[in-house]
Amino acid sequence: MRVVDLFCGCGGLSLGFEKAGMEVVAGFDNWQDALTVYRNNFSHPAFRADLMDVEGSVEKIRPFAPDMIIGGPPCQDFSSAGKRDENNGRGDLTVCYARIIASIRPQWFVMENVERITKTQKLQDALAIFHEAGYGTSYTVLNAALCGVPQRRKRFVMIGRLGAENDFMQTAIRENLADHEMSVAEYFGDKLDIKYYYRHPRSYVRRGIFSTDEPSATIRGVNRPMPKGYNLHPGDPVSSLEGVRPLTTRERSMIQTFPEDFSFDGTKTDIEQMIGNAVPVNLGFFVADAILRYSGEKRLVYTKHTVIKQLNFLDLFDQYEFEPITQNDMVCEDIEYEYGTKSIHRNLPIDLAKNLLICNVKKDNWEQYLDGSAKIYYTGKKFPSTVALNKLYYFMPYLSGKGIRDLYYIKIARLGYRKEGQVNEDKNDLRLVFEIERVGQLFKDYKKVQLEIWRTFTDTTIEKIMDLVEQQGYNTQSRDKK
């Protein structure tokens, strides 16, 4: 099933649905910092969008042809941790979500929210939109601790399907609930070195110390330190504070069942908020699994995504300054000399197993690639750290709107700066620079392969890219260089 995630945040719901065997093809959110984290952990695109703009959102989502739309409209206006005013603004996003689904009409939808939404008029308004659009709806409140999450977190979940009866999924959604709540210790095993931890209470009428032998309380969007003068509460399961500490940010993300290597980047405040806002990954898995069991749809085999981080050019400068980071000596040295002149004649056959880098070239830089005179390619301000620079051997420019055709050797990779060698060069703007030399055309015509991050920047070889082009129905020309 092709799935689009609205209000995707940093990706808890997306990851749960992918792990269950669904194909998430895009995410949408209006929080740029969360989108940065999302993009660093998923290979499909994520877009910034104001989902209050229903018509504009529909126009952006429709091209992905989703079989299912999933999402958790912001819940602060309904939440017990918020102001509980459904007319405060964000509650309107629940209705906008319903209108987007009614316009696009995917076969399925899933909506997640806080338990308290069941008492709001906004839910009734959304239900009316769903039913008028032809959806049967089935909803319930799930305790995440019974769904593979070591946390008492009650969440409203609604599943809709075109043409179905209301309550069609009630049995399927509840039949796999666990027979007991999962504790923190049960989930972490020996990965946690504490028995008790501090969670800041909303008021000191409540306890602040929790045992790992019980489920965590709901993970919120803040993680405060334990006050130096904290006085034990009668409900605290300890007689002393020795060895007690707050959970770390990473531990809190793991209680939300994000994998240990999930990449969170940003300020501590933003990351804590992302974690607290997220749908627990395993809760997403639980819901998606129920849908797949009910529908009988084929499951995809989940493949873990390569986490894409950015190279730190300043760190590279400290290490290399402007000396070569990598140098392909065979390319640099395989030169024949003619009497009185230096004439380059390459005798190296194209090695299909060598690594290839494909990078986008904007239209205003086309000329040097169209006539084959390009000698340097410099990157943008960001470049993925997943590239093993010392393995790169070939380069193919992707001309925006046209695709790939020509093959170049990479002679040297080094640091340089923007507009290097030009009148308006900026020596304060470091870039990664590739000194290149044209080999010839790999394809007769330009081929519009997708510039997917895992294909472009991780272990791509000439052979793989040629196979990809052939799979897309193209005929490649001779692999001999021109």
# chains A, B, ... in the order shown; residues from 1 in each chain; ligands from 1

$ residues_around --residues "stretch 109-117 of chain A" --least-positions-apart "6" --cutoff "6 Å" --atoms "only C-alpha atoms" --output "tab-separated table (two decimals) with N, CA and C atoms, in the first residue's frame"
chain	number	residue	atom	x	y	z
A	68	MET	N	-3.43	5.12	0.97
A	68	MET	CA	-3.76	5.42	2.37
A	68	MET	C	-3.11	6.73	2.77
A	69	ILE	N	-3.83	7.52	3.55
A	69	ILE	CA	-3.26	8.71	4.18
A	69	ILE	C	-3.31	8.49	5.68
A	70	ILE	N	-2.20	8.75	6.35
A	70	ILE	CA	-2.12	8.59	7.79
A	70	ILE	C	-1.70	9.93	8.40
A	71	GLY	N	-1.99	10.13	9.68
A	71	GLY	CA	-1.53	11.35	10.31
A	71	GLY	C	-2.14	11.60	11.67
A	72	GLY	N	-1.45	12.41	12.43
A	72	GLY	CA	-1.94	12.84	13.73
A	72	GLY	C	-1.99	14.35	13.79
A	78	PHE	N	-6.50	19.79	22.43
A	78	PHE	CA	-7.33	18.78	23.08
A	78	PHE	C	-6.65	18.17	24.29
A	155	ARG	N	-4.04	6.63	23.36
A	155	ARG	CA	-4.19	7.36	22.12
A	155	ARG	C	-5.44	6.91	21.36
A	156	PHE	N	-6.15	7.92	20.86
A	156	PHE	CA	-7.30	7.70	20.00
A	156	PHE	C	-6.80	7.32	18.61
A	157	VAL	N	-7.33	6.26	18.05
A	157	VAL	CA	-6.96	5.82	16.70
A	157	VAL	C	-8.23	5.58	15.91
A	158	MET	N	-8.34	6.25	14.76
A	158	MET	CA	-9.47	6.03	13.86
A	158	MET	C	-8.95	5.48	12.54
A	159	ILE	N	-9.61	4.44	12.05
A	159	ILE	CA	-9.29	3.86	10.75
A	159	ILE	C	-10.51	4.01	9.85
A	160	GLY	N	-10.30	4.49	8.64
A	160	GLY	CA	-11.41	4.64	7.70
A	160	GLY	C	-11.13	3.91	6.41

$ closest_residue --among "A:Ile255, A:Leu162, A:Leu300, A:Val222" --to "A:Val281" --atoms "only C-alpha atoms"
A:Ile255

$ select_by_dssp --residues "stretch 24-170 of chain A" --states "helix (DSSP H, G or I)" --output "VMD selection string"
chain A and resid 32 to 41 54 to 64 92 to 104 115 to 119 121 to 132 144 to 146 170

$ residues_around --residues "stretch 49-66 of chain A" --least-positions-apart "3" --cutoff "7 Å" --atoms "only C-alpha atoms" --output "CSV table (one decimal) with C-alpha atoms, in the first residue's frame"
chain,number,residue,atom,x,y,z
A,2,ARG,CA,1.3,3.5,-0.9
A,3,VAL,CA,1.1,5.7,2.1
A,4,VAL,CA,1.4,9.5,2.6
A,28,PHE,CA,4.3,16.5,5.0
A,29,ASP,CA,4.6,18.9,7.9
A,30,ASN,CA,5.0,22.6,8.6
A,69,ILE,CA,-3.3,8.7,4.2
A,93,LEU,CA,-6.4,21.0,11.6
A,96,CYS,CA,-8.6,20.2,7.6
A,99,ARG,CA,-11.3,17.6,4.2
A,100,ILE,CA,-8.0,16.7,2.5
A,104,ILE,CA,-8.2,12.9,-2.4
A,106,PRO,CA,-7.6,7.2,-0.8

$ closest_residue --among "A:Tyr187, A:Tyr302, A:Phe383, A:Tyr378" --to "A:Pro397" --atoms "only C-alpha atoms"
A:Tyr378

$ residues_around --residues "stretch 194-202 of chain A" --least-positions-apart "2" --cutoff "7 Å" --atoms "only C-alpha atoms" --output "list in words"
Leu192, Tyr204, Arg206, Arg207, Gly208, Ile209, Phe210, Ser211, Thr212, Arg224, Met226, Val244, Arg245, Pro246 and Leu247 of chain A

$ closest_residue --among "A:Met182, A:His131, A:Tyr408, A:Asp426" --to "A:Gln441" --atoms "only C-alpha atoms"
A:Tyr408

$ residues_around --residues "A:Lys154" --least-positions-apart "2" --cutoff "9 Å" --atoms "only C-alpha atoms" --output "PDB file with C-alpha atoms, in the first residue's frame"
ATOM      1  CA  VAL A 114      -5.141  12.183  22.196  1.00  0.00           C
ATOM      2  CA  GLU A 115      -7.864  10.335  24.097  1.00  0.00           C
ATOM      3  CA  VAL A 141      -8.595   4.310  22.374  1.00  0.00           C
ATOM      4  CA  LEU A 142      -5.444   2.202  22.656  1.00  0.00           C
ATOM      5  CA  ASN A 143      -3.037   1.968  25.581  1.00  0.00           C
ATOM      6  CA  ALA A 144       0.400   1.945  23.945  1.00  0.00           C
ATOM      7  CA  ALA A 145       1.727  -0.253  26.773  1.00  0.00           C
ATOM      8  CA  ARG A 152       1.271   4.222  29.423  1.00  0.00           C
ATOM      9  CA  PHE A 156      -7.304   7.703  20.002  1.00  0.00           C
ATOM     10  CA  THR A 218       3.489   9.406  28.961  1.00  0.00           C
TER      11      THR A 218
END

$ residues_around --residues "A:Leu370" --least-positions-apart "5" --cutoff "10 Å" --atoms "only C-alpha atoms" --output "PDB file with C-alpha atoms, in the first residue's frame"
ATOM      1  CA  ASN A 365      25.866  25.741 -15.362  1.00  0.00           C
ATOM      2  CA  LEU A 399      21.265  18.190 -15.746  1.00  0.00           C
ATOM      3  CA  ARG A 405      24.322  10.950 -20.016  1.00  0.00           C
ATOM      4  CA  ASP A 406      28.024  11.788 -19.727  1.00  0.00           C
TER       5      ASP A 406
END

$ atom_distance --atom1 "atom CA of A:Met396" --atom2 "atom CA of A:Gly372"
11.7 Å

$ atom_distance --atom1 "atom CA of A:Lys304" --atom2 "atom CA of A:Gly189"
22.3 Å
